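Asker: What follows is input02.txt, made up of compact mmCIF, C-alpha atoms:
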# COMPACT_ATOMS: atom_id res chain seq x y z
CA MET A 1 55.46 108.88 -58.71
CA GLU A 2 58.32 106.96 -60.17
CA ALA A 3 60.73 108.55 -57.72
CA LEU A 4 58.62 107.15 -54.88
CA ILE A 5 59.27 103.53 -55.74
CA LYS A 6 62.71 103.87 -57.28
CA PRO A 7 65.25 103.13 -54.57
CA GLU A 8 68.16 105.52 -54.32
CA PHE A 9 71.17 103.26 -53.84
CA GLY A 10 73.25 105.97 -52.25
CA LEU A 11 70.70 106.32 -49.49
CA MET A 12 70.57 102.54 -49.14
CA PHE A 13 74.30 102.57 -48.59
CA TRP A 14 73.89 105.29 -45.98
CA THR A 15 71.16 103.32 -44.26
CA ILE A 16 73.23 100.15 -44.08
CA THR A 17 76.31 101.98 -42.84
CA CYS A 18 74.33 103.93 -40.35
CA PHE A 19 72.47 100.95 -39.00
CA VAL A 20 75.47 98.63 -38.80
CA LEU A 21 77.52 101.25 -37.00
CA LEU A 22 74.62 101.93 -34.67
CA ALA A 23 74.17 98.23 -33.91
CA LEU A 24 77.88 97.81 -33.20
CA LEU A 25 78.19 100.90 -31.04
CA LEU A 26 74.95 100.49 -29.13
CA SER A 27 75.66 96.88 -28.25
CA ARG A 28 78.77 98.17 -26.48
CA THR A 29 77.46 101.35 -24.94
CA ALA A 30 73.79 100.72 -24.26
CA TRP A 31 72.59 97.13 -24.37
CA LYS A 32 75.49 95.61 -22.54
CA PRO A 33 75.13 97.71 -19.36
CA LEU A 34 71.37 97.42 -19.60
CA MET A 35 71.43 93.64 -19.83
CA GLN A 36 74.02 93.46 -17.10
CA ALA A 37 71.83 95.50 -14.80
CA VAL A 38 68.81 93.41 -15.68
CA GLU A 39 70.62 90.14 -15.17
CA GLU A 40 72.05 91.34 -11.90
CA ARG A 41 68.59 92.22 -10.73
CA GLU A 42 67.20 88.91 -11.93
CA ARG A 43 69.98 87.11 -10.10
CA ALA A 44 69.28 89.14 -6.97
CA LEU A 45 65.59 88.32 -7.27
CA LYS A 46 66.32 84.64 -7.71
CA HIS A 47 68.69 84.71 -4.76
CA ASP A 48 66.10 86.47 -2.63
CA ARG A 49 63.47 84.00 -3.62
CA ASN A 50 65.73 81.08 -2.82
CA THR A 51 66.58 82.59 0.54
CA ALA A 52 62.94 83.20 1.31
CA GLU A 53 62.02 79.69 0.29
CA SER A 54 64.70 78.11 2.41
CA ALA A 55 63.70 80.31 5.32
CA ARG A 56 60.12 79.21 4.90
CA ALA A 57 61.13 75.56 4.77
CA GLU A 58 63.18 76.08 7.92
CA ALA A 59 60.26 77.76 9.64
CA GLU A 60 57.96 74.93 8.65
CA LYS A 61 60.39 72.39 10.02
CA ILE A 62 60.63 74.27 13.28
CA LYS A 63 56.87 74.50 13.45
CA VAL A 64 56.48 70.76 12.99
CA GLU A 65 59.10 70.18 15.64
CA LEU A 66 57.39 72.53 18.03
CA GLU A 67 54.06 70.89 17.43
CA ALA A 68 55.53 67.48 18.13
CA ARG A 69 57.09 68.76 21.32
CA LEU A 70 53.85 70.41 22.32
CA ALA A 71 51.95 67.16 21.81
CA GLU A 72 54.60 65.34 23.83
CA LEU A 73 54.30 67.87 26.60
CA LYS A 74 50.53 67.57 26.58
CA ALA A 75 50.75 63.81 26.87
CA GLU A 76 53.28 64.18 29.66
CA ILE A 77 51.06 66.62 31.51
CA GLY A 78 48.07 64.33 31.17
CA ARG A 79 50.09 61.41 32.47
CA ARG A 80 51.37 63.42 35.41
CA MET A 81 47.87 64.64 36.20
CA ASP A 82 46.52 61.09 36.19
CA GLU A 83 49.35 59.95 38.38
CA ALA A 84 48.79 62.78 40.82
CA ARG A 85 45.09 62.11 40.91
CA LEU A 86 45.63 58.42 41.61
CA MET A 87 48.13 59.25 44.32
CA ALA A 88 45.78 61.76 45.88
CA GLU A 89 42.96 59.23 45.90
CA LYS A 90 45.15 56.66 47.53
CA GLU A 91 46.29 59.15 50.10
CA GLN A 92 42.73 60.17 50.75
CA ASP A 93 41.72 56.59 51.28
CA VAL A 94 44.58 56.06 53.69
CA LEU A 95 43.75 59.22 55.57
CA ILE A 96 40.09 58.34 55.86
CA GLU A 97 40.95 54.85 57.04
CA GLU A 98 43.32 56.22 59.62
CA ALA A 99 40.81 58.76 60.78
CA ARG A 100 38.18 56.11 61.10
CA LYS A 101 40.54 53.87 63.06
CA SER A 102 41.56 56.59 65.43
CA ALA A 103 37.97 57.63 65.84
CA GLY A 104 37.13 54.04 66.72
CA VAL A 105 39.91 53.98 69.28
CA ILE A 106 38.74 57.22 70.80
CA VAL A 107 35.15 56.03 70.93
CA GLU A 108 36.24 52.76 72.49
CA SER A 109 38.31 54.42 75.17
CA ALA A 110 35.51 56.88 75.82
CA ARG A 111 33.04 54.07 76.19
CA ARG A 112 35.37 52.26 78.52
CA GLU A 113 35.82 55.36 80.53
CA ILE A 114 32.07 55.90 80.67
CA GLU A 115 31.59 52.31 81.74
CA ALA A 116 34.16 52.69 84.48
CA GLN A 117 32.63 55.94 85.60
CA LYS A 118 29.22 54.38 85.54
CA LEU A 119 30.38 51.44 87.63
CA GLU A 120 32.05 53.73 90.04
CA ALA A 121 29.02 55.92 90.24
CA ALA A 122 26.80 52.89 90.80
CA ARG A 123 29.10 51.62 93.48
CA ASP A 124 29.12 55.01 95.10
CA LEU A 125 25.41 55.23 94.90
CA LYS A 126 24.98 51.75 96.35
CA ASN A 127 27.26 52.56 99.23
CA LYS A 128 25.53 55.80 99.77
CA VAL A 129 22.08 54.18 99.63
CA ALA A 130 23.17 51.42 101.97
CA GLU A 131 24.57 53.91 104.37
CA LEU A 132 21.53 56.09 104.14
CA SER A 133 19.13 53.23 104.55
CA VAL A 134 21.07 51.88 107.48
CA LEU A 135 21.05 55.31 109.04
CA ALA A 136 17.39 55.72 108.26
CA ALA A 137 16.58 52.29 109.60
CA GLU A 138 18.57 53.07 112.68
CA ARG A 139 16.60 56.24 113.17
CA ILE A 140 13.33 54.46 112.58
CA LEU A 141 14.29 51.64 114.79
CA LEU A 142 15.45 53.98 117.53
CA HIS A 143 12.22 55.87 117.26
CA GLN A 144 9.92 52.90 117.27
CA LEU A 145 11.64 50.75 119.85
CA ASP A 146 9.01 50.23 122.66
CA HIS A 147 10.17 47.76 125.18
CA ARG A 148 6.84 46.54 126.50
CA ALA A 149 5.06 46.16 123.26
CA ASN A 150 8.03 44.41 121.89
CA THR A 151 8.23 42.13 124.79
CA ASP A 152 4.57 41.28 124.37
CA LEU A 153 5.01 40.78 120.77
CA ALA A 154 7.99 38.61 121.25
CA SER A 155 6.28 36.49 123.80
CA ARG A 156 3.28 36.16 121.52
CA TYR A 157 5.48 35.17 118.65
CA LEU A 158 7.30 32.76 120.76
CA ALA A 159 4.03 31.17 121.88
CA GLU A 160 2.92 30.85 118.35
CA ILE A 161 6.19 29.31 117.34
CA GLU A 162 6.02 26.91 120.30
CA LYS A 163 2.57 25.93 119.24
CA GLU A 164 3.66 25.28 115.71
CA ARG A 165 6.94 23.61 116.61
CA PRO A 166 6.60 21.87 120.02
CA GLU A 167 10.05 20.27 119.83
CA LEU A 168 11.47 23.75 120.21
CA LYS A 169 9.69 24.40 123.54
CA LEU A 170 12.13 25.74 126.01
CA GLU A 171 10.42 24.42 129.11
CA SER A 172 10.45 20.88 127.89
CA ARG A 173 14.13 20.72 127.97
CA MET B 1 59.65 111.87 -51.05
CA ASP B 2 63.28 112.50 -50.32
CA GLN B 3 64.71 115.95 -50.61
CA VAL B 4 68.31 115.81 -51.84
CA TRP B 5 70.42 118.84 -51.06
CA SER B 6 73.75 117.79 -52.57
CA TRP B 7 75.69 114.79 -53.74
CA VAL B 8 78.96 113.38 -52.49
CA SER B 9 81.15 111.07 -54.56
CA LEU B 10 82.90 108.24 -52.76
CA GLY B 11 84.74 106.17 -55.35
CA PRO B 12 82.14 104.65 -57.66
CA LEU B 13 79.29 105.52 -55.32
CA LYS B 14 77.30 108.69 -55.70
CA LEU B 15 75.97 109.44 -52.23
CA PRO B 16 73.14 111.88 -51.56
CA LEU B 17 73.01 114.28 -48.64
CA SER B 18 69.29 114.43 -48.11
CA LYS B 19 66.54 115.07 -45.60
CA HIS B 20 66.06 111.38 -44.92
CA LEU B 21 69.76 111.04 -44.22
CA LEU B 22 69.46 113.92 -41.77
CA MET B 23 66.55 112.16 -40.07
CA MET B 24 68.59 108.99 -39.81
CA GLY B 25 71.42 111.06 -38.35
CA ILE B 26 69.06 112.54 -35.75
CA ALA B 27 67.72 109.11 -34.86
CA SER B 28 71.27 107.77 -34.58
CA LEU B 29 72.29 110.67 -32.36
CA ILE B 30 69.29 110.15 -30.11
CA MET B 31 70.19 106.49 -29.76
CA LEU B 32 73.95 106.91 -29.51
CA ILE B 33 73.89 109.70 -26.95
CA GLY B 34 70.48 109.42 -25.35
CA PHE B 35 70.31 105.71 -24.64
CA PRO B 36 73.67 105.21 -22.92
CA LEU B 37 73.11 108.32 -20.83
CA LEU B 38 69.59 107.20 -19.97
CA ILE B 39 70.76 103.72 -19.00
CA ARG B 40 73.65 104.96 -16.88
CA SER B 41 71.80 107.80 -15.23
CA ARG B 42 70.64 107.26 -11.67
CA SER B 43 68.33 110.27 -11.50
CA ALA B 44 64.83 109.62 -10.24
CA ALA B 45 63.27 111.92 -12.85
CA LEU B 46 64.51 109.70 -15.67
CA ALA B 47 63.56 106.46 -13.93
CA PRO B 48 60.24 106.01 -15.80
CA PHE B 49 61.99 106.39 -19.16
CA ARG B 50 64.70 104.02 -18.08
CA ALA B 51 62.02 101.55 -17.02
CA MET B 52 60.25 101.96 -20.37
CA LEU B 53 63.46 101.27 -22.28
CA GLU B 54 64.23 98.32 -20.07
CA MET B 55 60.74 96.87 -20.39
CA THR B 56 60.85 97.18 -24.15
CA VAL B 57 64.21 95.45 -24.36
CA LEU B 58 63.05 92.73 -21.98
CA PHE B 59 59.89 92.28 -24.01
CA LEU B 60 61.98 91.91 -27.16
CA ARG B 61 64.22 89.42 -25.39
CA ASP B 62 61.55 87.32 -23.70
CA GLU B 63 58.74 87.45 -26.26
CA ILE B 64 60.49 87.73 -29.61
CA VAL B 65 64.18 86.82 -29.62
CA ILE B 66 64.39 83.92 -27.16
CA PRO B 67 61.23 82.08 -28.33
CA ASN B 68 62.35 82.29 -31.96
CA LEU B 69 66.10 81.95 -31.70
CA GLY B 70 66.42 79.70 -28.69
CA HIS B 71 68.86 80.26 -25.86
CA LYS B 72 71.67 81.25 -28.21
CA GLY B 73 69.48 84.20 -29.17
CA ALA B 74 70.61 86.15 -26.11
CA ALA B 75 73.61 87.33 -28.09
CA TYR B 76 71.32 88.84 -30.73
CA VAL B 77 69.17 90.85 -28.30
CA GLY B 78 71.32 93.94 -28.86
CA TYR B 79 70.89 93.75 -32.61
CA PHE B 80 67.13 93.35 -32.41
CA SER B 81 66.82 96.13 -29.83
CA THR B 82 68.81 98.46 -32.08
CA LEU B 83 66.65 97.49 -35.06
CA PHE B 84 63.43 98.05 -33.14
CA PHE B 85 64.37 101.43 -31.73
CA PHE B 86 65.93 102.61 -35.00
CA ILE B 87 62.77 101.87 -36.96
CA LEU B 88 60.53 103.18 -34.18
CA ILE B 89 62.41 106.47 -33.86
CA LEU B 90 62.51 106.96 -37.64
CA ASN B 91 58.74 106.30 -37.77
CA LEU B 92 58.06 108.72 -34.94
CA ILE B 93 60.29 111.45 -36.35
CA GLY B 94 58.10 111.28 -39.45
CA LEU B 95 55.13 112.37 -37.33
CA VAL B 96 56.89 115.40 -35.88
CA PRO B 97 56.42 118.69 -37.78
CA TYR B 98 59.34 119.42 -40.15
CA GLY B 99 60.35 115.79 -39.82
CA ALA B 100 60.40 113.34 -42.70
CA THR B 101 59.60 109.66 -42.58
CA ALA B 102 62.84 107.99 -43.56
CA THR B 103 61.14 104.59 -43.30
CA GLY B 104 58.75 105.80 -45.99
CA ASN B 105 61.64 105.64 -48.43
CA LEU B 106 62.18 102.39 -50.31
CA ALA B 107 65.96 102.81 -50.16
CA VAL B 108 65.95 103.03 -46.38
CA THR B 109 63.66 100.05 -45.86
CA GLY B 110 65.67 98.23 -48.52
CA GLY B 111 68.84 98.91 -46.56
CA LEU B 112 67.24 97.62 -43.37
CA ALA B 113 65.92 94.56 -45.16
CA PHE B 114 69.40 93.95 -46.54
CA THR B 115 70.88 93.96 -43.04
CA SER B 116 68.15 91.53 -41.99
CA PHE B 117 69.00 89.33 -44.99
CA ALA B 118 72.64 89.42 -43.99
CA LEU B 119 71.76 88.59 -40.38
CA ILE B 120 69.54 85.66 -41.37
CA ASN B 121 72.23 84.10 -43.53
CA PHE B 122 75.04 84.91 -41.11
CA SER B 123 73.27 83.34 -38.15
CA GLY B 124 72.26 80.30 -40.21
CA ILE B 125 75.80 79.71 -41.42
CA LYS B 126 77.26 80.34 -37.99
CA GLU B 127 74.87 77.89 -36.39
CA GLN B 128 74.99 75.03 -38.93
CA GLY B 129 78.14 75.65 -40.98
CA LEU B 130 78.08 76.69 -44.60
CA ILE B 131 77.39 73.23 -46.03
CA GLY B 132 74.86 72.35 -43.40
CA TYR B 133 73.04 75.60 -43.95
CA ILE B 134 72.83 75.17 -47.69
CA SER B 135 71.78 71.53 -47.44
CA HIS B 136 69.07 72.45 -44.93
CA LEU B 137 67.61 75.11 -47.17
CA VAL B 138 65.28 72.50 -48.62
CA PRO B 139 63.02 71.14 -45.89
CA LYS B 140 63.36 67.49 -44.85
CA GLY B 141 61.00 64.93 -46.31
CA VAL B 142 61.12 66.31 -49.82
CA PRO B 143 61.75 63.58 -52.42
CA VAL B 144 65.20 63.69 -53.96
CA TRP B 145 63.91 64.30 -57.49
CA LEU B 146 62.26 67.51 -56.30
CA TYR B 147 65.55 68.97 -55.06
CA PRO B 148 66.51 70.68 -58.36
CA LEU B 149 63.14 72.41 -58.24
CA MET B 150 62.98 73.14 -54.54
CA PHE B 151 66.45 74.54 -54.11
CA PRO B 152 65.98 77.57 -56.43
CA ILE B 153 62.52 78.14 -54.97
CA GLU B 154 63.91 78.21 -51.45
CA LEU B 155 66.72 80.55 -52.51
CA MET B 156 64.20 82.84 -54.11
CA GLY B 157 61.95 82.54 -51.07
CA MET B 158 64.74 83.77 -48.86
CA VAL B 159 65.18 86.87 -51.01
CA ILE B 160 61.45 87.41 -51.33
CA LYS B 161 60.94 87.17 -47.56
CA THR B 162 63.33 90.04 -46.95
CA PHE B 163 61.99 91.93 -49.93
CA ALA B 164 58.52 91.63 -48.43
CA LEU B 165 59.92 93.04 -45.18
CA CYS B 166 61.21 96.04 -47.10
CA ILE B 167 57.95 96.61 -49.00
CA ARG B 168 55.75 96.12 -45.93
CA LEU B 169 57.49 98.78 -43.87
CA PHE B 170 57.72 101.18 -46.78
CA ALA B 171 54.08 100.81 -47.80
CA ASN B 172 52.75 101.08 -44.27
CA MET B 173 54.68 104.23 -43.53
CA ILE B 174 53.94 105.94 -46.83
CA ALA B 175 50.26 104.96 -46.89
CA GLY B 176 49.33 107.05 -43.88
CA HIS B 177 51.06 110.06 -45.36
CA ILE B 178 49.29 109.65 -48.66
CA VAL B 179 45.92 109.37 -46.89
CA ILE B 180 46.65 112.54 -44.92
CA LEU B 181 47.71 114.27 -48.13
CA VAL B 182 44.46 113.20 -49.80
CA PHE B 183 42.34 114.52 -46.93
CA ILE B 184 44.11 117.84 -47.01
CA SER B 185 43.80 118.01 -50.80
CA PHE B 186 40.04 117.58 -50.39
CA ILE B 187 39.90 121.01 -48.81
CA PHE B 188 41.48 122.61 -51.85
CA ILE B 189 39.55 120.51 -54.36
CA PHE B 190 36.27 121.52 -52.75
CA GLY B 191 37.64 125.02 -52.28
CA SER B 192 38.00 125.36 -56.02
CA PHE B 193 34.20 124.95 -56.31
CA GLY B 194 33.66 127.78 -53.91
CA VAL B 195 35.29 129.18 -50.80
CA SER B 196 32.33 128.36 -48.54
CA ILE B 197 32.27 124.70 -49.67
CA GLY B 198 36.00 124.46 -49.02
CA LEU B 199 35.58 125.93 -45.51
CA GLY B 200 32.69 123.51 -44.91
CA VAL B 201 34.79 120.52 -45.84
CA ALA B 202 37.82 121.68 -43.87
CA PRO B 203 36.66 120.62 -40.36
CA VAL B 204 35.73 117.17 -41.61
CA SER B 205 39.08 116.83 -43.36
CA VAL B 206 41.05 118.03 -40.35
CA GLY B 207 39.18 115.60 -38.12
CA LEU B 208 39.96 112.75 -40.47
CA VAL B 209 43.60 113.88 -40.67
CA LEU B 210 43.84 113.83 -36.90
CA PHE B 211 42.35 110.36 -36.84
CA THR B 212 44.81 109.19 -39.49
CA LEU B 213 47.69 110.70 -37.55
CA LEU B 214 46.68 108.72 -34.46
CA LEU B 215 46.43 105.66 -36.64
CA GLU B 216 49.93 106.40 -37.94
CA LEU B 217 51.18 106.62 -34.37
CA LEU B 218 49.84 103.12 -33.79
CA VAL B 219 51.29 101.93 -37.09
CA ALA B 220 54.70 103.39 -36.19
CA PHE B 221 54.92 101.07 -33.17
CA LEU B 222 53.20 98.19 -34.90
CA GLN B 223 55.46 98.15 -37.95
CA ALA B 224 58.63 98.38 -35.88
CA TYR B 225 57.34 95.39 -33.91
CA VAL B 226 56.36 93.50 -37.06
CA PHE B 227 59.70 94.10 -38.75
CA VAL B 228 61.61 92.87 -35.71
CA THR B 229 59.32 89.89 -35.15
CA LEU B 230 59.54 88.72 -38.74
CA THR B 231 63.31 89.15 -38.79
CA ALA B 232 63.48 87.10 -35.61
CA ILE B 233 61.25 84.39 -37.06
CA PHE B 234 63.33 84.15 -40.25
CA THR B 235 66.57 84.13 -38.26
CA GLY B 236 65.19 81.44 -35.98
CA ALA B 237 64.14 79.37 -39.00
CA ALA B 238 67.63 79.73 -40.47
CA MET B 239 69.26 78.70 -37.19
CA HIS B 240 67.01 75.73 -36.46
CA PRO B 241 65.82 74.22 -39.72
CA HIS B 242 63.51 71.63 -38.15
Output the structure of this file as structure tokens.

Answerer:
Amino acid sequence: MEALIKPEFGLMFWTITCFVLLALLLSRTAWKPLMQAVEERERALKHDRNTAESARAEAEKIKVELEARLAELKAEIGRRMDEARLMAEKEQDVLIEEARKSAGVIVESARREIEAQKLEAARDLKNKVAELSVLAAERILLHQLDHRANTDLASRYLAEIEKERPELKLESR
Amino acid sequence: MDQVWSWVSLGPLKLPLSKHLLMMGIASLIMLIGFPLLIRSRSAALAPFRAMLEMTVLFLRDEIVIPNLGHKGAAYVGYFSTLFFFILILNLIGLVPYGATATGNLAVTGGLAFTSFALINFSGIKEQGLIGYISHLVPKGVPVWLYPLMFPIELMGMVIKTFALCIRLFANMIAGHIVILVFISFIFIFGSFGVSIGLGVAPVSVGLVLFTLLLELLVAFLQAYVFVTLTAIFTGAAMHPH
């Protein structure tokens, strides 16, 4: 039992030698390349992260820009649409006005034409009626002309007239 | 218990060639040959082991060395990694059949604690200068008349801290072995009452031994971690006295 807790100084010396040599050698052969690899990877990671972050910032900037341009375009489109609508309305009004005017002109000329036609037709009709009536009267008169009866009649009329207006009596003159 | 095969004389020192020395040699060989090859290898089959090694070293750096030693601690990462893996491999070799637990020997843990002691003082002196280091041994705010009392206490404290490191590792590693030994002895103690009693006790004992072995596996990692952490804390305290 005593040997268990009694340190053997020779072994202690071995331990120290062994460990110190190990620490010196391993720091050259093992830990240095390991740490280098680790640091390189950490640096690469950091670099990647920085790159990604800057790329994201860039993308965000572009997005904001695009949104602004989109809004601008929308406003522009709205403005153009309004303008076009206004112009179309104006044009429509003008067209309707013109159409109405020309329609009025056409109606007016048509009416005038109708009037003229009507007048002409009336004149024609009057002439024709006059002619017809004259012809008819002529026929009637030719048919009814009876010399004796007419002479009687005329003499009777004349007597009557003489009676009514004695100053006109032919014999008295 | 160490098993000394022969002795070598080197000047005034009488050096043993023993089983624990052999175990340390095996651990050193594993680390000296295995680690550099593992780190430099690019084979996919070894990638998980490489990742394990790397994760452990990064854990030591980010969780133990840097928080305790500050940013100048990066230079000490190699030392702490070597310390951790040396203790861990020695602990684990002790669990392999025909292996011996070198960290269950007071001389070995004493040697490791001595290197820690040297590191603590070296880093403190390097960081603050010899005079600054000695004058900062006593914490600030202590009345001047207490200095003659405090200074020896702090000096002793420094030695005791590293001595505690040595005892802690030693006791933890040897305790598991003693418990296993006791459980196995039970079989023979009960066997001396009668063969059937001994055979009855054997399964229970073997089960408990297995359990203790698993516990020792945990303790092997835990004590390596504790040793490194405490060394880092003491080194950090020596470097930054406030």

Asker: May I have a table of the residues of chain A lying at most 9 Å from chain B, giving each one's closest pair of atoms and their distance in Å to one decimal, counting all atoms listed in the file, ordered by chain and ascending residue number, as a tab-separated table?

Answerer:
residue	atom	partner	partner_atom	distance
A:Ala3	CA	B:Met1	CA	7.5
A:Leu4	CA	B:Met1	CA	6.2
A:Ile5	CA	B:Leu106	CA	6.3
A:Lys6	CA	B:Leu106	CA	7.1
A:Pro7	CA	B:Ala107	CA	4.5
A:Glu8	CA	B:Ala107	CA	5.4
A:Phe9	CA	B:Ala107	CA	6.4
A:Gly10	CA	B:Leu15	CA	4.4
A:Leu11	CA	B:Ala107	CA	5.9
A:Met12	CA	B:Ala107	CA	4.7
A:Phe13	CA	B:Gly111	CA	6.9
A:Trp14	CA	B:Leu21	CA	7.3
A:Thr15	CA	B:Gly111	CA	5.5
A:Ile16	CA	B:Gly111	CA	5.2
A:Thr17	CA	B:Gly111	CA	8.9
A:Cys18	CA	B:Ser28	CA	7.6
A:Phe19	CA	B:Leu112	CA	7.6
A:Val20	CA	B:Thr115	CA	7.8
A:Leu22	CA	B:Ser28	CA	6.7
A:Ala23	CA	B:Thr82	CA	5.7
A:Leu24	CA	B:Tyr79	CA	8.1
A:Leu25	CA	B:Leu32	CA	7.5
A:Leu26	CA	B:Leu32	CA	6.5
A:Ser27	CA	B:Gly78	CA	5.3
A:Arg28	CA	B:Gly78	CA	8.9
A:Thr29	CA	B:Pro36	CA	5.8
A:Ala30	CA	B:Pro36	CA	4.7
A:Trp31	CA	B:Gly78	CA	5.7
A:Lys32	CA	B:Gly78	CA	7.8
A:Pro33	CA	B:Ile39	CA	7.4
A:Leu34	CA	B:Ile39	CA	6.4
A:Met35	CA	B:Glu54	CA	8.6
A:Val38	CA	B:Glu54	CA	8.0

Asker: Between B:Ile233, B:Ala45, B:Leu214, B:Leu22, single out the one closest to B:Ala100, counting all atoms listed in the file.

Answerer: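 Nearest to B:Ala100: B:Leu22.
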
Asker: How big is the axis-aligned box around all listed atoms of stretch 83-96 of chain B once 3 Å goes on each side, and where's its centre, in Å to one decimal, as lines of an AutoDock Vina configuration file?

Answerer:
center_x = 60.9
center_y = 106.4
center_z = -35.6
size_x = 17.5
size_y = 23.9
size_z = 13.7

Asker: Could you tell me how far atom CA of B:Leu92 sits from atom CA of B:Lys19, in Å to one decimal place?

Answerer: 15.0 Å
